Structures are given as C-alpha cells and as structure tokens.
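Taking it in order: structure first as structure tokens, then the write-up.
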Amino acid sequence: MLGWETLQRHYLNLTAKDGASLNWSWQKCKREFFKVVPKVCACCGSKKKIEVHHKKPRHLFPELALVLDNLIALCGGGKGCHFHIGHLNNYHWYNDMIETVAFYVRKISVKKKNEAA
C-alpha cells in the first residue's frame, strides 16, 4: 500500500521536469517497448488508444524512466485503464501493484468474454 509520504511526494512532483515525454530518448524507448510488447492493454485487452505507463513514476524514480521493465501498456482515453488502474482514478497517484492488478483484471475480463460467447 502506498504510504502518505509517497502519495504526497508524488502529488507535489506530478509535473516532471525531465521533459521525458518530448525528448528523443523517450520516443526511442517507446518504439523499443512496442517491439517486444504487443499494443494491447495489459488490463482489459483493448487495442484502442494504447499508452505506455511507467510502473514507477519517472519523477520519483528518474533512473527507471527509460527502463523497459518499468513500462506497461495500458489503454488511454477518459475511461481507460491508464487513468483508472494505473493512477487509481487520480493522476496525482500511482498504483505500485499495477502488474498484479493488471493480471487479475485481464483474467476476469477474459473469463467474462468466454462466458458471454
């Protein structure tokens, strides 16, 4: 579980000063990521509006900003898994158990699709 200190630090540092979203290293990192990971949401299996999410936020863990193992593919948009599951419905927070949660959410959604068929 996230401690108050971690949440507060994340809230205060939400806007990263490293410019990672704009620089060429980040663009290259995303391309490399999608060479090994399909453009499919790790949570729900959607193929729409796939975004790269940092498991550990880059402003709190700058040394992990370009590490492929720190990334996960999540669907974006207003009601996407990136916001709801990756950030717990608040971009000031992050889900430090995203891989575990994504695994179980995906398992449940696959089961529901199989039951509906």
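Labels for the structure tokens follow display order: chains A, B, ..., residues from 1 in each chain, ligands from 1.
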
| task | Please identify which residues in region 4-106 of chain A DSSP calls alpha helix (DSSP H) from the backbone, and express them as a ChimeraX atom specification. | result | /A:4-12,24-36,81,98-106

Write the residues of the preceding selection, restricted to C-alpha atoms, as a compact mmCIF listing (two decimals), in the first residue's frame.
```txt
# COMPACT_ATOMS: atom_id res chain seq x y z
CA TRP A 4 1.12 9.08 2.81
CA GLU A 5 4.68 10.31 2.28
CA THR A 6 4.87 8.61 -1.12
CA LEU A 7 1.47 9.96 -2.19
CA GLN A 8 2.38 13.45 -1.03
CA ARG A 9 5.73 13.35 -2.82
CA HIS A 10 4.00 12.12 -5.98
CA TYR A 11 1.38 14.87 -5.71
CA LEU A 12 3.98 17.61 -5.28
CA TRP A 24 14.09 11.57 -28.48
CA SER A 25 15.27 9.07 -25.84
CA TRP A 26 11.70 8.58 -24.64
CA GLN A 27 10.37 8.23 -28.20
CA LYS A 28 13.06 5.61 -28.90
CA CYS A 29 12.26 3.81 -25.65
CA LYS A 30 8.56 3.59 -26.57
CA ARG A 31 9.42 2.20 -30.01
CA GLU A 32 11.69 -0.43 -28.42
CA PHE A 33 8.98 -1.29 -25.89
CA PHE A 34 6.39 -1.95 -28.59
CA LYS A 35 8.85 -4.17 -30.47
CA VAL A 36 8.71 -6.64 -27.56
CA CYS A 81 -7.13 1.61 -17.67
CA ILE A 98 -0.07 -2.38 -11.41
CA GLU A 99 1.32 -5.67 -12.74
CA THR A 100 -0.60 -7.77 -10.22
CA VAL A 101 -3.80 -5.80 -10.68
CA ALA A 102 -3.47 -5.93 -14.49
CA PHE A 103 -3.04 -9.71 -14.37
CA TYR A 104 -6.23 -10.25 -12.37
CA VAL A 105 -8.30 -7.68 -14.27
CA ARG A 106 -7.27 -9.33 -17.55
```

| message | as JSON, numbers by chain, please: the residues near Gly80 (chain A) (cut-off 10 Å, only C-alpha atoms, same-chain neighbours under 4 positions excluded). | response | {"A": [41, 43, 44, 46, 48, 49, 50, 51, 74, 75, 76, 84, 85, 86, 89]}
